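Below is one structure, written out as structure tokens; the observations come after it.
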Amino acid sequence: MNWISNYVRPKINSLFSRREVPENLWTKCPECGTMLFHRELAENLNVCSNCDHHMAISPRDRFKSLFDTGIFTEVKVPEAVVDPLHFKDQKKYPDRLKAAQKATGEKEAMLVAEGEIGRTQVVAVAQDFSFMAGSMGMYVGNAILAAAERAVKLKRPLILFSAAGGARMQEGILSLMQMPRTTVAVQMLKEARLPYVVVLTHPTTGGVTASYAMLGDVQISEPNALICFAGPRVIEQTIREKLPEGFQRAEYLLDHGMLDRVTHRKSLREELITILRMLTNQPPAVKGDLPAPTPEPAVVATPAAPTAG
Amino acid sequence: MNYLEFEKPLAEIEGKAEELRAMGRSNPEMDIAKEAEALDKKAEAMLRDLYKDLTPWRKCLVARHPERPHCKDYIEALFSEYTPLAGDRNFADDHAVMGGLARFNDQPVVLIGHEKGHDTKSRIERNFGMARPEGYRKAIRLMDMADRFRLPVITLVDTPGAYPGKGAEERGQAEAIARSTQKCLEIGVPLISVVIGEGGSGGAVAFATANRVAMLEHSVYSVISPEGCASILWKDAEKMREAAEALRLTAQDLQKLGVIDRIIKEPMGGAQRGRREAIDAVGKGIEAMLKELSGKKPEALIKDRRSKFIEMGTKGLAA
């Protein structure tokens, strides 16, 4: 650590960060088309103020709005072998990785953190859909294992926010093997009798749904999130008929008994606190006593902090 | 014999030999023996040549060959007293998944496998080996029983993938697969898995999270079908050859990656050309793997299985 890496590099990175480009000041809601000002949108946790559509939120912003006073500590994730198969389609896999790193300012598709919510100590892990569709490869597996191990070590509950197109094809069979691998992580929590709460966000599909994202003690989803194993297009091709309105959306799954709750992003923090305090046998939270997360300082581009190691 | 596209030249020669023999039968004075024998030799050499170094895409075709022995054939030949146990106790019995009690070399075991069917009628009944949630939930129930009565579990994997249907999704396909994988990791009995044809993605993992995983020489095991991968990454489903290459889905590659433990050799020209031989080889493989695990305590079996999957991909990548 020196002033060069602490000061100069983030500065340089933020100079080139996409998020500061003026045309990003306005975001069009993909559902209702309303133009939303960035400051307003961030304050609203990336939920459209007009139609309540829940847009993607980066793991960092998610954690800032989740943890007390917005403070959390990143948990280190062990490195994964990069490009184990030397995979090449139209692009080389390492090139795709680099592009995703540049676009998101993150190292990979998963962020692990620890901190307090409502003064309950937790470990949280969030998947980043903007990073190669949040796809699950070795690194994501490592992140979940690291999160579970940390939770077990500190005897804390684990909250997981899922968002993924599925397994990362570029890691072939090794991405598929993250299904049993992450299931082992869930087992560790189960055996340590620690609560494992999954918050499914739009979209959660494929091998991710068919492993750690469906194995929570409590399954919560954000409104209208697509949650499925096979995507609607694949199903339509197979059965050759139109699917019903709202098929595979959170509310549909709730109706079919596949989820415990569908919860608005703005109520999520409160709800997680309530549930976790009960599952860990703590007295009810005193309203007003809880340090609320700091309001989001708008467009402070999260610099591509070069995570050490 | 059902010839695959790349076997066409072989089909021609074998066809000619057949024609010649037919001619010989109708004209006994003609001496065709020598010529027919020469053609046979040529065909044999060609077969050896074709199968010596199958490309990954060709392996996919062989793995899907309709005349390959299927789960049902293995059960009939290798197991005695097979007693199918049906249903998930919730909704239905999934015919894409066979399961029940059986004896392997007199030892009682629990047997679970995907069955694709062998003709139009049975293929439809078996849903082409694509299981629905009920299939995985039946498997969970059977594994639970195996655990309680301390019976080894043997699974035979042969599925294009879990069924992508409306009802399957509504009834929790993803959850069923996740729980089945979880159950595989929980049971304190030997769990042995053989990929006999196609190991299609999550639908395969749900049965193959095992202490020992073997694959037949020309079977495949992959996160996605080459066609699916090609249409997503190449935006062109016709690029399946390239995708099959890139995915590293052959038994040989998977052994190098440390994902499987054993390759079971197939007869020359694939299991479809020597069904009995292939079945016997699988039987020997199961026997050997069971022996490796015999006498291990339940806790050790669970621990071994877990460590195996935790460590997978982190070391020994001989890629």
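Convention: chains lettered A, B, ... in structure tokens order; per-chain residue numbering from 1; ligands numbered from 1 as shown.
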
Show me which bits of chain A are within 6 Å of chain B, counting only C-alpha atoms, as a list of chain:residue names.
A:Phe87, A:Gly172, A:Ile173, A:Leu176, A:Arg181, A:Thr209, A:Ala210, A:Ser211, A:Met214, A:Phe229, A:Ala230, A:Ile235

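Among the residues of stretch 214-271 of chain A, backbone DSSP assigns strand (DSSP E) to Val218, Gln219, Ile220, Ser221, Arg261 and Val262 of chain A.
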
Which of these residues is nearest to A:Tyr139, using only C-alpha atoms: A:Val77, A:Leu194, A:Met188, A:Cys29?
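Using only C-alpha atoms, the shortest distance to A:Tyr139 belongs to A:Val77.
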
Determine which residues of stretch 223-306 of chain B DSSP labels as helix (DSSP H, G or I) from the backbone of this structure, then write them out as a ChimeraX atom specification.
/B:226-234,237-247,251-256,275-293,298-306

Please list as a list in words every residue within 10 Å of A:Ala151, counting only C-alpha atoms and excluding residues in the same chain fewer than 2 positions away.
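Result of the neighbour search: Glu114, Gln121, Val122, Val123, Ala124, Leu145, Ala146, Ala147, Ala148, Glu149, Lys153, Leu154, Lys155, Arg156, Pro157, Leu158, Ile159, Met188, Leu189, Ala192, Leu194, Pro195 and Tyr196 of chain A.
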
As a tab-separated table (two decimals) with N, CA, C and O atoms, in the first residue's frame, please: the residues near stretch 253-263 of chain A (cut-off 9 Å, only C-alpha atoms, same-chain neighbours under 2 positions excluded).
chain	number	residue	atom	x	y	z
A	214	MET	N	-31.34	-21.89	-4.68
A	214	MET	CA	-32.64	-22.47	-4.29
A	214	MET	C	-32.54	-23.24	-2.97
A	214	MET	O	-33.47	-23.95	-2.60
A	218	VAL	N	-34.50	-19.40	3.99
A	218	VAL	CA	-35.57	-18.49	3.60
A	218	VAL	C	-35.27	-18.01	2.19
A	218	VAL	O	-34.13	-17.63	1.89
A	219	GLN	N	-36.28	-18.06	1.33
A	219	GLN	CA	-36.12	-17.66	-0.06
A	219	GLN	C	-36.95	-16.41	-0.32
A	219	GLN	O	-38.16	-16.46	-0.34
A	220	ILE	N	-36.25	-15.30	-0.54
A	220	ILE	CA	-36.93	-14.05	-0.82
A	220	ILE	C	-36.60	-13.65	-2.25
A	220	ILE	O	-35.51	-13.96	-2.74
A	221	SER	N	-37.52	-12.99	-2.93
A	221	SER	CA	-37.19	-12.50	-4.26
A	221	SER	C	-37.60	-11.05	-4.38
A	221	SER	O	-38.53	-10.59	-3.73
A	222	GLU	N	-36.89	-10.32	-5.23
A	222	GLU	CA	-37.32	-8.98	-5.57
A	222	GLU	C	-38.48	-9.10	-6.56
A	222	GLU	O	-38.56	-10.08	-7.30
A	223	PRO	N	-39.38	-8.08	-6.59
A	223	PRO	CA	-40.55	-8.17	-7.46
A	223	PRO	C	-40.18	-8.41	-8.92
A	223	PRO	O	-39.17	-7.88	-9.40
A	224	ASN	N	-40.98	-9.20	-9.58
A	224	ASN	CA	-40.90	-9.42	-11.03
A	224	ASN	C	-39.58	-10.03	-11.52
A	224	ASN	O	-39.30	-10.03	-12.71
A	227	ILE	N	-37.00	-16.03	-12.48
A	227	ILE	CA	-36.31	-17.09	-11.75
A	227	ILE	C	-36.66	-18.41	-12.40
A	227	ILE	O	-37.83	-18.78	-12.49
A	247	PHE	N	-45.14	-15.84	-16.34
A	247	PHE	CA	-44.52	-17.16	-16.12
A	247	PHE	C	-43.06	-17.01	-15.67
A	247	PHE	O	-42.32	-16.20	-16.24
A	248	GLN	N	-42.69	-17.75	-14.66
A	248	GLN	CA	-41.32	-17.76	-14.12
A	248	GLN	C	-40.92	-16.44	-13.46
A	248	GLN	O	-39.74	-16.22	-13.20
A	249	ARG	N	-41.86	-15.57	-13.23
A	249	ARG	CA	-41.55	-14.35	-12.49
A	249	ARG	C	-41.76	-14.62	-11.00
A	249	ARG	O	-42.48	-15.55	-10.62
A	250	ALA	N	-41.15	-13.77	-10.17
A	250	ALA	CA	-41.16	-13.98	-8.72
A	250	ALA	C	-42.56	-14.27	-8.18
A	250	ALA	O	-42.76	-15.22	-7.43
A	251	GLU	N	-43.54	-13.46	-8.61
A	251	GLU	CA	-44.89	-13.60	-8.08
A	251	GLU	C	-45.50	-14.95	-8.48
A	251	GLU	O	-46.24	-15.57	-7.71
A	265	ARG	N	-37.38	-3.81	-2.90
A	265	ARG	CA	-35.99	-3.54	-2.49
A	265	ARG	C	-35.92	-2.57	-1.31
A	265	ARG	O	-35.05	-2.68	-0.46
A	266	LYS	N	-36.86	-1.65	-1.25
A	266	LYS	CA	-36.81	-0.65	-0.18
A	266	LYS	C	-37.16	-1.23	1.19
A	266	LYS	O	-36.78	-0.69	2.21
A	267	SER	N	-37.88	-2.35	1.19
A	267	SER	CA	-38.25	-2.96	2.47
A	267	SER	C	-37.32	-4.11	2.84
A	267	SER	O	-37.45	-4.70	3.91
A	268	LEU	N	-36.42	-4.41	1.94
A	268	LEU	CA	-35.62	-5.62	2.08
A	268	LEU	C	-34.75	-5.61	3.34
A	268	LEU	O	-34.70	-6.59	4.09
A	271	GLU	N	-36.68	-6.17	6.44
A	271	GLU	CA	-37.18	-7.54	6.50
A	271	GLU	C	-36.07	-8.54	6.84
A	271	GLU	O	-36.27	-9.46	7.63
B	170	GLU	N	-42.86	-25.08	-13.27
B	170	GLU	CA	-43.83	-24.70	-12.24
B	170	GLU	C	-43.67	-25.54	-10.98
B	170	GLU	O	-43.90	-25.08	-9.87
B	171	ARG	N	-43.26	-26.78	-11.16
B	171	ARG	CA	-43.12	-27.65	-10.01
B	171	ARG	C	-41.71	-27.63	-9.42
B	171	ARG	O	-41.37	-28.45	-8.59
B	172	GLY	N	-40.89	-26.69	-9.88
B	172	GLY	CA	-39.61	-26.48	-9.22
B	172	GLY	C	-38.47	-27.32	-9.74
B	172	GLY	O	-37.76	-27.98	-8.97
B	175	GLU	N	-35.16	-26.32	-8.06
B	175	GLU	CA	-35.10	-26.73	-6.67
B	175	GLU	C	-34.89	-28.24	-6.55
B	175	GLU	O	-34.10	-28.70	-5.73

Shell of 12 Å around B:Gly295, only C-alpha atoms, local chain residues under 5 positions omitted, as a CSV table (one decimal) with C-alpha atoms, in the first residue's frame:
chain,number,residue,atom,x,y,z
B,150,ARG,CA,-26.7,-48.6,4.4
B,152,PRO,CA,-24.5,-48.4,-1.8
B,188,GLY,CA,-23.1,-41.9,4.2
B,189,VAL,CA,-23.0,-44.7,1.7
B,190,PRO,CA,-20.8,-45.3,-1.3
B,290,LEU,CA,-17.4,-50.4,-5.2
B,300,ALA,CA,-15.3,-40.7,5.6
B,301,LEU,CA,-17.5,-41.2,2.5
